[in-house]
$ cat run-v2.cif   # mmCIF, C-alpha atoms
data_query
loop_
_atom_site.label_atom_id
_atom_site.label_comp_id
_atom_site.auth_asym_id
_atom_site.auth_seq_id
_atom_site.Cartn_x
_atom_site.Cartn_y
_atom_site.Cartn_z
CA MET A 51 -1.80 -118.10 -36.23
CA ASP A 52 0.44 -120.68 -34.60
CA ASN A 53 2.48 -120.06 -31.47
CA THR A 54 5.63 -119.33 -33.46
CA ASN A 55 3.98 -116.57 -35.45
CA GLN A 56 2.40 -115.19 -32.31
CA ARG A 57 5.79 -115.01 -30.61
CA LYS A 58 7.29 -113.29 -33.68
CA ALA A 59 4.47 -110.74 -33.75
CA LEU A 60 4.91 -110.12 -30.02
CA ILE A 61 8.67 -109.66 -30.40
CA ASN A 62 8.20 -107.30 -33.35
CA SER A 63 5.69 -105.31 -31.33
CA GLU A 64 8.08 -105.08 -28.37
CA ILE A 65 10.94 -104.01 -30.63
CA ALA A 66 8.79 -101.31 -32.21
CA LEU A 67 7.71 -100.12 -28.79
CA PHE A 68 11.30 -100.09 -27.57
CA LEU A 69 12.52 -98.12 -30.61
CA ARG A 70 9.71 -95.63 -30.26
CA GLY A 71 10.54 -95.13 -26.58
CA LEU A 72 14.22 -94.78 -27.42
CA ILE A 73 13.52 -92.11 -30.03
CA ILE A 74 11.19 -90.19 -27.72
CA GLY A 75 13.78 -90.41 -24.93
CA LYS A 76 16.51 -89.03 -27.17
CA VAL A 77 14.30 -86.18 -28.31
CA LEU A 78 13.43 -85.29 -24.71
CA THR A 79 17.11 -85.52 -23.71
CA LEU A 80 18.12 -83.16 -26.53
CA MET A 81 15.38 -80.74 -25.50
CA VAL A 82 16.58 -80.78 -21.87
CA ILE A 83 20.22 -80.31 -22.90
CA GLY A 84 19.27 -77.49 -25.28
CA GLY A 85 17.26 -75.74 -22.60
CA LEU A 86 20.09 -76.11 -20.09
CA LEU A 87 22.64 -74.71 -22.52
CA TRP A 88 20.35 -71.76 -23.32
CA TRP A 89 19.90 -71.05 -19.60
CA LEU A 90 23.66 -71.22 -18.93
CA LEU A 91 24.74 -69.12 -21.89
CA LYS A 92 22.04 -66.45 -21.76
CA PRO A 93 23.43 -64.52 -18.73
CA ASN A 94 27.00 -64.82 -19.99
CA ILE A 95 26.11 -63.31 -23.34
CA SER A 96 24.12 -60.44 -21.88
CA SER A 97 26.68 -59.56 -19.24
CA ARG A 98 29.75 -58.89 -21.35
CA TYR A 99 30.67 -55.21 -21.17
CA GLY A 100 33.11 -53.03 -23.05
CA VAL A 101 33.51 -49.63 -24.66
CA ASN A 102 32.66 -49.58 -28.35
CA SER A 103 32.79 -45.81 -28.76
CA SER A 104 35.91 -43.73 -29.01
CA SER A 105 34.38 -41.05 -26.76
CA ASN A 106 34.56 -41.03 -22.98
CA GLN A 107 30.84 -41.84 -22.80
CA ASN A 108 29.18 -45.26 -22.55
CA ILE A 109 32.06 -46.73 -20.60
CA ASN A 110 29.86 -49.57 -19.39
CA ALA A 111 27.90 -50.07 -22.61
CA PRO A 112 27.33 -53.76 -23.41
CA SER A 113 29.57 -55.36 -25.99
CA ASN A 114 28.38 -58.10 -28.31
CA ASN A 115 31.83 -58.89 -29.66
CA THR A 116 33.19 -61.08 -26.88
CA ASN A 117 31.58 -64.50 -26.75
CA ALA A 118 34.60 -66.66 -25.98
CA SER A 119 34.84 -68.39 -22.62
CA ASN A 120 38.59 -68.97 -22.66
CA PHE A 121 41.79 -67.84 -24.36
CA GLN A 122 41.88 -70.71 -26.87
CA THR A 123 38.52 -69.89 -28.42
CA VAL A 124 39.13 -66.20 -29.25
CA ALA A 125 39.28 -65.79 -33.01
CA ASP A 126 41.39 -63.39 -35.11
CA VAL A 127 44.41 -63.30 -32.80
CA PRO A 128 47.27 -62.17 -35.08
CA PRO A 129 50.33 -64.48 -34.96
CA ALA A 130 53.13 -61.95 -34.47
CA SER A 131 55.12 -59.94 -31.92
CA PHE A 132 53.65 -56.67 -30.63
CA ASN A 133 54.78 -53.80 -28.40
CA TYR A 134 52.53 -52.55 -25.63
CA GLY A 135 52.83 -50.50 -22.45
CA GLY A 136 51.21 -47.83 -20.32
CA SER A 137 49.75 -47.88 -16.83
CA THR A 138 51.96 -49.12 -14.02
CA ALA A 139 48.78 -50.20 -12.21
CA TRP A 140 48.55 -52.99 -14.79
CA ALA A 141 51.83 -54.55 -13.59
CA SER A 142 50.17 -57.54 -11.92
CA ILE A 143 48.00 -58.13 -15.02
CA ARG A 144 51.11 -58.17 -17.20
CA GLN A 145 52.77 -60.61 -14.82
CA LEU A 146 49.85 -62.98 -14.22
CA VAL A 147 47.27 -62.62 -16.98
CA ASP A 148 49.46 -61.87 -19.99
CA SER A 149 51.72 -64.82 -19.19
CA GLN A 150 48.64 -67.08 -19.22
CA ILE A 151 47.53 -65.62 -22.56
CA GLN A 152 50.89 -66.23 -24.18
CA SER A 153 51.02 -69.77 -22.79
CA ALA A 154 47.60 -70.52 -24.29
CA ARG A 155 48.31 -68.65 -27.54
CA PRO A 156 52.03 -69.14 -28.27
CA GLU A 157 51.60 -67.58 -31.71
CA LEU A 158 51.10 -64.22 -29.96
CA GLN A 159 54.12 -62.50 -28.42
CA LEU A 160 53.72 -59.35 -26.29
CA ARG A 161 56.68 -57.12 -25.44
CA TYR A 162 56.35 -54.41 -22.77
CA VAL A 163 58.09 -51.14 -23.69
CA ASP A 164 58.98 -48.34 -21.25
CA PRO A 165 58.98 -44.72 -22.43
CA ALA A 166 62.36 -43.41 -23.49
CA ASN A 167 61.66 -40.13 -21.68
CA GLY A 168 59.52 -39.63 -18.60
CA SER A 169 58.01 -42.21 -16.28
CA PRO A 170 55.74 -45.09 -17.29
CA GLY A 171 52.02 -44.55 -16.86
CA SER A 172 48.69 -44.24 -18.63
CA SER A 173 49.48 -40.83 -20.15
CA SER A 174 52.92 -41.77 -21.42
CA GLY A 175 51.57 -45.06 -22.83
CA ILE A 176 48.81 -43.30 -24.77
CA ARG A 177 51.34 -40.76 -26.04
CA MET A 178 53.59 -43.61 -27.25
CA LEU A 179 50.60 -45.21 -29.00
CA LEU A 180 49.86 -41.91 -30.76
CA ASP A 181 53.51 -41.67 -31.82
CA GLY A 182 53.52 -45.19 -33.29
CA LYS A 183 55.83 -46.66 -30.64
CA LEU A 184 53.19 -49.06 -29.26
CA ASP A 185 50.64 -51.29 -30.95
CA PHE A 186 48.13 -50.83 -28.11
CA ALA A 187 48.19 -49.26 -24.65
CA GLN A 188 46.93 -50.08 -21.17
CA SER A 189 45.32 -47.23 -19.23
CA SER A 190 43.90 -46.62 -15.75
CA ARG A 191 41.89 -43.62 -16.90
CA PRO A 192 39.64 -42.72 -19.84
CA LEU A 193 40.89 -40.95 -22.95
CA THR A 194 40.89 -37.17 -22.97
CA ASP A 195 39.49 -34.89 -25.67
CA GLU A 196 43.04 -33.70 -26.36
CA GLU A 197 44.26 -37.25 -27.01
CA GLN A 198 41.35 -37.91 -29.37
CA ALA A 199 42.14 -34.68 -31.22
CA MET A 200 45.80 -35.68 -31.56
CA ALA A 201 44.74 -39.04 -32.99
CA ARG A 202 42.50 -37.39 -35.59
CA GLU A 203 45.37 -35.12 -36.61
CA ARG A 204 47.36 -38.29 -37.35
CA GLY A 205 44.59 -39.80 -39.46
CA PHE A 206 42.99 -42.28 -37.06
CA THR A 207 40.88 -42.46 -33.90
CA LEU A 208 41.30 -44.20 -30.54
CA LYS A 209 38.87 -46.62 -28.90
CA GLN A 210 38.83 -47.59 -25.23
CA ARG A 211 37.58 -50.97 -24.07
CA GLN A 212 36.99 -51.37 -20.34
CA VAL A 213 38.18 -54.72 -18.98
CA GLY A 214 38.38 -54.15 -15.21
CA MET A 215 38.12 -51.76 -12.27
CA ASP A 216 40.42 -50.57 -9.51
CA GLY A 217 40.18 -48.03 -6.73
CA ILE A 218 42.37 -44.96 -6.24
CA ALA A 219 43.86 -45.13 -2.76
CA VAL A 220 45.42 -42.32 -0.72
CA VAL A 221 48.41 -43.38 1.37
CA VAL A 222 50.46 -41.60 4.04
CA ASN A 223 53.27 -42.27 6.46
CA PRO A 224 52.05 -44.84 9.06
CA SER A 225 52.82 -42.43 11.93
CA LEU A 226 50.39 -39.76 10.67
CA LYS A 227 47.31 -39.43 12.93
CA VAL A 228 44.69 -38.79 10.26
CA SER A 229 41.92 -41.31 9.59
CA GLY A 230 40.57 -40.07 6.30
CA LEU A 231 39.93 -37.36 3.73
CA THR A 232 37.12 -36.29 1.46
CA VAL A 233 37.72 -36.22 -2.29
CA GLN A 234 37.50 -32.42 -2.21
CA GLN A 235 40.13 -32.19 0.56
CA LEU A 236 42.46 -34.43 -1.44
CA GLN A 237 42.05 -32.23 -4.51
CA GLN A 238 42.65 -29.10 -2.43
CA ILE A 239 45.86 -30.60 -1.06
CA TYR A 240 47.21 -31.16 -4.57
CA LEU A 241 46.14 -27.68 -5.71
CA GLY A 242 48.08 -26.15 -2.79
CA GLN A 243 44.93 -24.86 -1.04
CA ILE A 244 45.40 -27.14 2.01
CA THR A 245 49.03 -27.19 3.13
CA ASN A 246 48.97 -28.39 6.77
CA TRP A 247 47.41 -31.55 8.23
CA ASN A 248 45.80 -29.49 11.02
CA GLN A 249 43.42 -28.11 8.36
CA VAL A 250 41.86 -31.58 8.02
CA GLY A 251 41.84 -32.64 11.69
CA GLY A 252 45.44 -33.86 11.89
CA PRO A 253 48.59 -32.65 13.66
CA ASN A 254 50.33 -29.33 13.04
CA LEU A 255 52.53 -30.74 10.29
CA PRO A 256 53.22 -29.41 6.78
CA ILE A 257 51.85 -31.57 3.96
CA THR A 258 54.27 -32.90 1.36
CA ALA A 259 52.24 -34.16 -1.59
CA PHE A 260 53.95 -36.61 -3.94
CA SER A 261 52.76 -37.09 -7.50
CA GLN A 262 53.79 -38.21 -10.94
CA ARG A 263 54.09 -35.36 -13.41
CA PRO A 264 50.71 -34.65 -15.05
CA GLU A 265 52.05 -35.49 -18.52
CA ASP A 266 53.02 -38.98 -17.28
CA ALA A 267 50.16 -39.53 -14.82
CA ASP A 268 48.93 -43.06 -14.27
CA THR A 269 45.68 -42.17 -12.48
CA VAL A 270 43.86 -38.87 -12.09
CA ILE A 271 41.95 -37.25 -9.21
CA PHE A 272 40.48 -34.42 -11.29
CA PRO A 273 37.69 -35.67 -13.59
CA SER A 274 37.94 -34.67 -17.25
CA ASN A 275 34.56 -32.91 -17.03
CA SER A 276 35.63 -30.88 -13.99
CA ASP A 277 36.77 -27.24 -13.95
CA LEU A 278 39.75 -28.44 -11.90
CA GLN A 279 41.09 -30.49 -14.83
CA GLY A 280 44.28 -28.93 -16.16
CA GLN A 281 44.89 -26.60 -13.23
CA PRO A 282 48.54 -26.44 -12.11
CA LEU A 283 49.43 -28.41 -9.01
CA GLY A 284 50.48 -26.57 -5.87
CA PRO A 285 54.05 -25.67 -4.85
CA ASN A 286 53.86 -28.29 -2.06
CA VAL A 287 53.87 -31.09 -4.65
CA GLN A 288 57.06 -33.09 -5.18
CA TYR A 289 57.27 -35.15 -8.36
CA VAL A 290 58.29 -38.79 -8.34
CA TYR A 291 59.18 -41.23 -11.11
CA SER A 292 56.88 -44.05 -10.03
CA THR A 293 54.69 -45.45 -7.25
CA THR A 294 57.67 -47.43 -5.95
CA ASP A 295 59.61 -44.18 -5.62
CA ALA A 296 56.66 -42.48 -3.88
CA VAL A 297 56.24 -45.29 -1.33
CA ARG A 298 59.94 -45.08 -0.55
CA GLN A 299 59.69 -41.32 -0.02
CA LEU A 300 56.56 -41.64 2.17
CA SER A 301 58.24 -44.06 4.52
CA LYS A 302 60.69 -41.32 5.55
CA THR A 303 58.38 -38.27 5.25
CA PRO A 304 56.00 -37.94 8.26
CA GLY A 305 53.78 -35.39 6.47
CA GLY A 306 53.80 -37.07 3.07
CA VAL A 307 50.77 -38.13 1.02
CA TYR A 308 50.36 -39.92 -2.33
CA TYR A 309 47.53 -41.35 -4.41
CA ALA A 310 47.75 -44.31 -6.76
CA SER A 311 46.12 -47.53 -7.87
CA ALA A 312 44.68 -49.18 -4.78
CA ARG A 313 45.99 -52.54 -6.03
CA SER A 314 49.50 -51.05 -6.07
CA VAL A 315 49.60 -49.52 -2.58
CA VAL A 316 46.96 -51.02 -0.25
CA PHE A 317 49.03 -54.13 0.51
CA GLN A 318 52.28 -52.20 1.13
CA CYS A 319 53.76 -52.49 4.63
CA SER A 320 55.54 -49.13 4.79
CA VAL A 321 52.52 -46.86 4.18
CA LYS A 322 49.00 -46.44 5.60
CA ALA A 323 45.93 -46.16 3.39
CA LEU A 324 43.40 -43.51 4.43
CA LEU A 325 39.63 -43.76 4.37
CA LEU A 326 38.16 -41.69 1.54
CA GLY A 327 34.67 -40.26 1.11
CA ARG A 328 32.47 -37.99 -0.93
CA THR A 329 31.65 -36.30 2.38
CA SER A 330 33.24 -36.45 5.82
CA GLY A 331 30.30 -38.52 7.06
CA GLU A 332 30.77 -41.40 4.59
CA LEU A 333 34.44 -42.32 4.66
CA ILE A 334 35.12 -45.72 3.04
CA PRO A 335 38.33 -47.79 3.39
CA PRO A 336 40.07 -48.95 0.20
CA TYR A 337 41.00 -52.12 2.12
CA ARG A 338 38.93 -54.89 3.67
CA GLU A 339 38.30 -54.23 7.34
CA PRO A 340 39.73 -54.74 9.86
CA MET A 341 42.87 -52.96 8.74
CA VAL A 342 46.14 -54.87 9.05
CA SER A 343 48.60 -52.73 11.05
CA PRO A 344 52.20 -52.18 9.90
CA GLU A 345 53.33 -54.35 12.83
CA GLN A 346 51.37 -57.31 11.43
CA CYS A 347 52.80 -56.85 7.94
CA PRO A 348 54.21 -58.74 6.03
CA ARG A 349 52.83 -61.79 7.88
CA GLN A 350 49.42 -60.38 6.92
CA ARG A 351 48.64 -57.78 4.27
CA ASN A 352 45.68 -55.55 3.62
CA GLN A 353 43.46 -56.66 0.74
CA LEU A 354 41.52 -54.58 -1.76
CA ASN A 355 37.96 -53.64 -0.77
CA THR A 356 36.49 -55.13 -3.95
CA GLN A 357 32.92 -54.98 -2.63
CA ALA A 358 33.02 -51.19 -2.20
CA ILE A 359 34.45 -50.82 -5.71
CA LYS A 360 31.80 -53.11 -7.19
CA ASN A 361 28.82 -51.40 -5.53
CA GLY A 362 30.13 -47.88 -6.16
CA SER A 363 30.31 -46.81 -2.52
CA TYR A 364 34.06 -46.17 -2.78
CA PRO A 365 34.31 -42.61 -4.15
CA MET A 366 37.30 -42.83 -6.49
CA ILE A 367 37.37 -45.58 -9.11
CA ALA A 368 40.00 -46.17 -11.77
CA ASN A 369 38.56 -48.05 -14.76
CA LEU A 370 41.03 -50.22 -16.65
CA PHE A 371 41.00 -49.69 -20.42
CA VAL A 372 42.70 -51.23 -23.41
CA ILE A 373 43.39 -48.30 -25.77
CA ILE A 374 43.12 -49.40 -29.40
CA LYS A 375 44.25 -47.56 -32.53
CA GLN A 376 41.42 -47.48 -35.09
CA ASN A 377 43.41 -47.56 -38.33
CA LYS A 378 42.12 -50.81 -39.93
CA GLY A 379 45.64 -52.20 -39.61
CA GLN A 380 47.38 -54.84 -37.54
CA GLU A 381 47.49 -52.48 -34.53
CA GLN A 382 43.70 -52.42 -34.47
CA GLN A 383 43.56 -56.20 -34.89
CA ILE A 384 45.86 -56.92 -31.94
CA GLY A 385 44.21 -54.28 -29.73
CA ASP A 386 40.77 -55.76 -30.36
CA ALA A 387 42.06 -59.31 -29.84
CA TYR A 388 43.79 -58.43 -26.54
CA ALA A 389 40.61 -56.80 -25.19
CA LYS A 390 38.56 -59.85 -26.22
CA LEU A 391 41.03 -62.16 -24.46
CA LEU A 392 40.72 -60.17 -21.22
CA LEU A 393 36.91 -60.14 -21.48
CA THR A 394 36.55 -63.91 -21.70
CA ASP A 395 35.48 -65.80 -18.61
CA GLN A 396 39.06 -67.00 -18.21
CA GLY A 397 40.43 -63.47 -18.65
CA GLN A 398 38.03 -61.93 -16.14
CA LYS A 399 38.86 -64.60 -13.58
CA ALA A 400 42.57 -63.97 -14.09
CA ILE A 401 42.08 -60.20 -13.70
CA GLU A 402 40.40 -60.82 -10.34
CA GLN A 403 43.24 -63.18 -9.36
CA ALA A 404 45.60 -60.28 -10.15
CA GLY A 405 43.79 -58.21 -7.50
CA PHE A 406 41.32 -56.17 -9.55
CA VAL A 407 37.56 -56.19 -10.07
CA GLY A 408 36.07 -57.65 -13.25
CA VAL A 409 33.50 -55.75 -15.29
CA ARG A 410 31.01 -58.61 -15.52
#

$ encode --input "run-v2.cif" --output "structure tokens"
Amino acid sequence: MDNTNQRKALINSEIALFLRGLIIGKVLTLMVIGGLLWWLLKPNISSRYGVNSSSNQNINAPSNNTNASNFQTVADVPPASFNYGGSTAWASIRQLVDSQIQSARPELQLRYVDPANGSPGSSSGIRMLLDGKLDFAQSSRPLTDEEQAMARERGFTLKQRQVGMDGIAVVVNPSLKVSGLTVQQLQQIYLGQITNWNQVGGPNLPITAFSQRPEDADTVIFPSNSDLQGQPLGPNVQYVYSTTDAVRQLSKTPGGVYYASARSVVFQCSVKALLLGRTSGELIPPYREPMVSPEQCPRQRNQLNTQAIKNGSYPMIANLFVIIKQNKGQEQQIGDAYAKLLLTDQGQKAIEQAGFVGVR
């Protein structure tokens, strides 16, 4: 073989070696990328949670229906205008998160509707959904057996999908010298069994308890499985239209008390949030310590104690639910789509930006 043929054979050999190395390198690269993607996606898939049952059980059962990472990738979002409403605790979600959803999905239009009679809240929103006035509802409490029974009477069922968490905070006039309450003491106040602050270590001052009417309630302090559920509130309770109204009343009522979504009241300057506990020896603040005094507000504001809500040490939690009508119609389609949007990575991040705790 002459030199020319030798050089050609050498070149061909080098080319073959190069191509073989290139192919092997690409295969290894694809294997690495595939392994990385599997590692990244595996925890996201397994950590999506929702409620797939219409009962009040399995609130934190895992959901396999939400795999989207952002608003644009959620499928089956109906292109139409829909009415929704319910919990006033969701106000910041409607302002921040829903506006982002509609910007990303302009084919979807959401219109908030207040009740014609009564005050806005979880109960009134669910009632409007049952009456066909809303396409889906937002709630800060689970469905009741009575609401499920009413739905069945109308030929459908209701499903609740949990998308976030909030605390229930107890607030008083800033001048009141009481550091905290137990859950039982709070319940006894609203049942009229404790009527003076000196019964819970405070001054000799009558207690004025403010509350929404039970039929319009946004959050509840009597669990549905408790014997206290449904008992009439005490004669010391004064009814208010909304949390805004209650905060205004507290600021001029030294012995006043009110409970509501922690996100709605913890940052307010004109009221003081109390520590709350399952027992008197484990009182937990609904705000991040140290507490910001009224004199420092509004330059600084108290922030939600998200860590205590996440780890369950805070004794009263309000789970945030999308209430969906199960009628195989467009109402069910939009309710499912809205819950899926909120359960994406983008939706959960936006819920936390709105001041709540995500469920993942």

$ atom_distance --input "run-v2.cif" --atom1 "atom CA of Pro304 of chain A" --atom2 "atom CA of Lys227 of chain A"
10.0 Å

$ atom_distance --input "run-v2.cif" --atom1 "atom CA of Gln281 of chain A" --atom2 "atom CA of Ala259 of chain A"
15.7 Å

$ residues_near_point --input "run-v2.cif" --point "(56.4, -52.9, -31.8)" --cutoff "8 Å" --atoms "all atoms listed in the file" --output "PyMOL selection string"
chain A and resi 131-134+161+183-185

$ residues_around --input "run-v2.cif" --residues "segment 145-148 of chain A" --least-positions-apart "4" --cutoff "12 Å" --atoms "all atoms listed in the file" --output "NGL selection string"
:A and (121 or 134 or 138-141 or 152-156 or 158-162 or 388-389 or 391-394 or 396-406)

$ closest_residue --input "run-v2.cif" --among "A:Leu300, A:Ala201, A:Asn246, A:Gly168" --to "Asp181 of chain A" --atoms "only C-alpha atoms"
A:Ala201

$ residues_around --input "run-v2.cif" --residues "Val287 of chain A" --least-positions-apart "6" --cutoff "9 Å" --atoms "only C-alpha atoms" --output "PyMOL selection string"
chain A and resi 239-242+257-261

$ residues_around --input "run-v2.cif" --residues "Gly135 of chain A" --least-positions-apart "3" --cutoff "8 Å" --atoms "only C-alpha atoms" --output "VMD selection string"
chain A and resid 162 to 164 175 184 186 to 188

$ residues_near_point --input "run-v2.cif" --point "(46.0, -54.8, -39.5)" --cutoff "12 Å" --atoms "only C-alpha atoms" --output "list in words"
Asp126, Val127, Pro128, Pro129, Ala130, Phe132, Asp185, Ile374, Lys375, Gln376, Asn377, Lys378, Gly379, Gln380, Glu381, Gln382, Gln383, Ile384, Gly385, Asp386 and Ala387 of chain A

$ atom_distance --input "run-v2.cif" --atom1 "atom CA of Phe272 of chain A" --atom2 "atom CA of Ala166 of chain A"
26.6 Å

$ closest_residue --input "run-v2.cif" --among "A:Ser320, A:Thr123, A:Gln346, A:Asn369" --to "Pro224 of chain A" --atoms "all atoms listed in the file"
A:Ser320
